[in-house]
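Trainee: Okay, handing you the structure first.
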Amino acid sequence: MSEGLRLASGHTALSLVGEELEQQQKAFLGYSPVGLVRLTPGRWLFPASYTKYADKLYNTKFRGSDVVVMTYPKCGTTWMQEIVWTMRNNPDLTHPMARLPLNARSPYLELDMLLELGKPSQEFRAVLEAKLRRLAPGVEPQEGIVMQLAEAAPDPRTIKTHLPPSLLTPDLLDTAKVVYVARNPKDVCVSYHHQCRIMNAHGFVGSFNQFVQFLIDDDLLYGPYLEHVREAWVKREHPNMLFLFYEDLKTDIMGQLHKLNNFLGTSLTQHQLQQVAHYTSFPEMQRREEQSTAKDTTVKLNMELVKKHGGLFRKGEVGNWKEHLTSTQEAEIDLWTKKNILNLGLEFKYSGSKV
């Protein structure tokens with residue numbers, strides 16, 4: 001791929017090589033098996049395995065009943081998935097599928113490219129392939145197991161993606177609804193660092209200062225973060241786009257649920273919305289995760305670090321960055337943020353107080 005691979009989206013994928021690749025693979029042990037690619041324009045960073053599925057992802061056919069939960073990693077993705085799925089399928093908390101892992105109810109569109117990172121579970125692959133063959137006999141797993149499971153999923157689908165709008169079909173918003181969640185970059189940095197340390201797919205072993213530098217250099221997977229936010233922000237007036245802030249969900253969940261209720265057309269009562277708010281609260285989701293006997297086997301964790309620092313569900317607090325960032329790191333992120341969102345009219349919220 002030395003001259004670049006042209007993708008259906010109009011982007012060109014170039015393999016990372018030399019010192020740049022060495023720096024990534026030294027810090028992220030999970031990236032060694034497959035390598036990395038950078039897409040231009042946009043400088044999007046992905047595992048090299050992304051190129052196997054890039055055109056299929058871009059050409060995904062969405063349905064009128066689809067809701068796509070779109071975020072950069074660690075911006076409240078799992079929380080919003082559960083909120084949207086519960087509002088649409090389980091407002092009375094009686095749905096028999098509610099106890100299944102979230103990825104079994106709400107497909108993670110580009111998960112196939114991530115299954116090659118770290119030490120993927122062959123047992124999990126076998127389970128996915130068996131499920132795919134039951135739902136769609138005659139399919140070829142190498143064409144993307146999870147993508148084909150998403151195609152076979154019944155309506156109404158709630159689909160998760162961390163891809164930015166430019167890497168999905170241009171008619172997405174003319175077909176389906178998109179709920180986009182943004183979060184202040186300082187808390188994103190702290191939360192993504194934690195995830196990259198505990199998830200074997202990333203296997204981050206570098207320093208926190210190095211991670212901050214990766215963020216502001218746009219060298220984290222799925223980055224650059226602020227370009228990701230910008231692409232959604234400029235589409236926020238489209239009737240099929242609902243742009244939300246993580247911080248508003250934390251400080252005013254009922255107000256945000258009313259917005260979602262109107263946007264999704266779910267017509268839930270105040271009592272149902274209150275049930276959804278409680279059911280999808282962090283303590284409740286954490287409790288169900290700990291008690292569940294049907295663990296989500298897509299997630300392989302470094303349990304030694306989980307015991308010390310917590311798992312995927314922690315507190316989800318706004319302003320937790322204050323406990324981790326030095327004044328220098330904070331200033332660097334502020335400068336990077338200001339430079340990249342200048343003239344957008346976009347302001348992030350860095351504390352949990354109500355405005």
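Every chain in the structure tokens has a letter given in the order shown (A, B, ...), and although residue numbers restart at 1 in each chain, ligands are simply numbered from 1 in the order shown.
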What residues in region 170-239 of chain A get the DSSP label helix (DSSP H, G or I)? Please answer as a PyMOL selection string.
Mentor: chain A and resi 172-175+185-198+208-216+225-233
Trainee: Go through region 19-60 of chain A residue by residue and, counting only C-alpha atoms, keep those with an atom at most 10 Å from region 103-119 of chain A; for each kept residue give the shortest atom pair and its distance in Å to one decimal, ordered by chain and increasing number, as a tab-separated table.
Mentor:
```
residue	atom	partner	partner_atom	distance
A:Phe28	CA	A:Gly118	CA	9.2
A:Leu29	CA	A:Gly118	CA	7.1
A:Gly30	CA	A:Gly118	CA	3.8
A:Tyr31	CA	A:Leu117	CA	5.9
A:Ser32	CA	A:Gly118	CA	7.8
A:Pro33	CA	A:Leu117	CA	6.6
A:Val34	CA	A:Leu117	CA	6.9
A:Gly35	CA	A:Leu117	CA	9.1
A:Phe46	CA	A:Met113	CA	8.7
A:Pro47	CA	A:Met113	CA	7.0
A:Ala48	CA	A:Met113	CA	8.1
A:Ser49	CA	A:Met113	CA	5.1
A:Tyr50	CA	A:Met113	CA	5.1
A:Thr51	CA	A:Met113	CA	8.4
A:Lys52	CA	A:Met113	CA	7.7
A:Tyr53	CA	A:Met113	CA	7.2
A:Ala54	CA	A:Glu110	CA	8.8
A:Lys56	CA	A:Glu110	CA	9.8
A:Leu57	CA	A:Glu110	CA	7.2
A:Thr60	CA	A:Leu109	CA	9.3
```
Trainee: Given the choices A:Pro224, A:Lys186, A:Asn261, A:Gln24, which gets closest to Ala331 (chain A) if the distance is worked out from only C-alpha atoms?
Mentor: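 Residue with the minimum atom-to-atom distance to Ala331 (chain A): A:Lys186.
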Trainee: Between region 133-196 of chain A and region 124-129 of chain A, at 12 Å or less, what are the per-residue closest atom pairs and their distances in Å? Count only C-alpha atoms, order by chain and rising residue number, and return it as a tab-separated table.
Mentor:
```
residue	atom	partner	partner_atom	distance
A:Arg133	CA	A:Glu129	CA	6.2
A:Arg134	CA	A:Glu129	CA	8.6
A:Leu135	CA	A:Glu129	CA	9.9
A:Ala136	CA	A:Glu129	CA	10.2
A:Pro137	CA	A:Glu129	CA	10.5
A:Gly138	CA	A:Glu129	CA	11.3
A:Val139	CA	A:Glu129	CA	9.6
A:Glu140	CA	A:Glu129	CA	9.1
A:Pro141	CA	A:Glu129	CA	6.4
A:Gln142	CA	A:Glu129	CA	9.7
A:Glu143	CA	A:Glu129	CA	11.3
A:Gly144	CA	A:Glu129	CA	9.8
A:Ile145	CA	A:Glu129	CA	6.6
A:Val146	CA	A:Leu128	CA	7.7
A:Met147	CA	A:Leu128	CA	11.1
A:Gln148	CA	A:Glu129	CA	10.1
A:Leu149	CA	A:Leu128	CA	8.4
A:Ala150	CA	A:Leu128	CA	11.6
```
Trainee: Residues at most 12 Å from Met80 (chain A), counting only C-alpha atoms, excluding those fewer than 3 positions away in the same chain, as a PyMOL selection string?
Mentor: chain A and resi 67-71+74-77+83-87+102+106+158-161+178-182+243-246+249-250+253+256-257+260+276-277+280-282+285
Trainee: Give the answer as one residue: which of A:Leu21, A:Leu5, A:Leu168, A:Leu132 has the shortest atom-to-atom distance to Asn59 (chain A), using only C-alpha atoms?
Mentor: A:Leu168
Trainee: Take CA of Cys196 (chain A) and CA of Gln23 (chain A) and report the distance between them in Å, one decimal.
Mentor: 15.4 Å
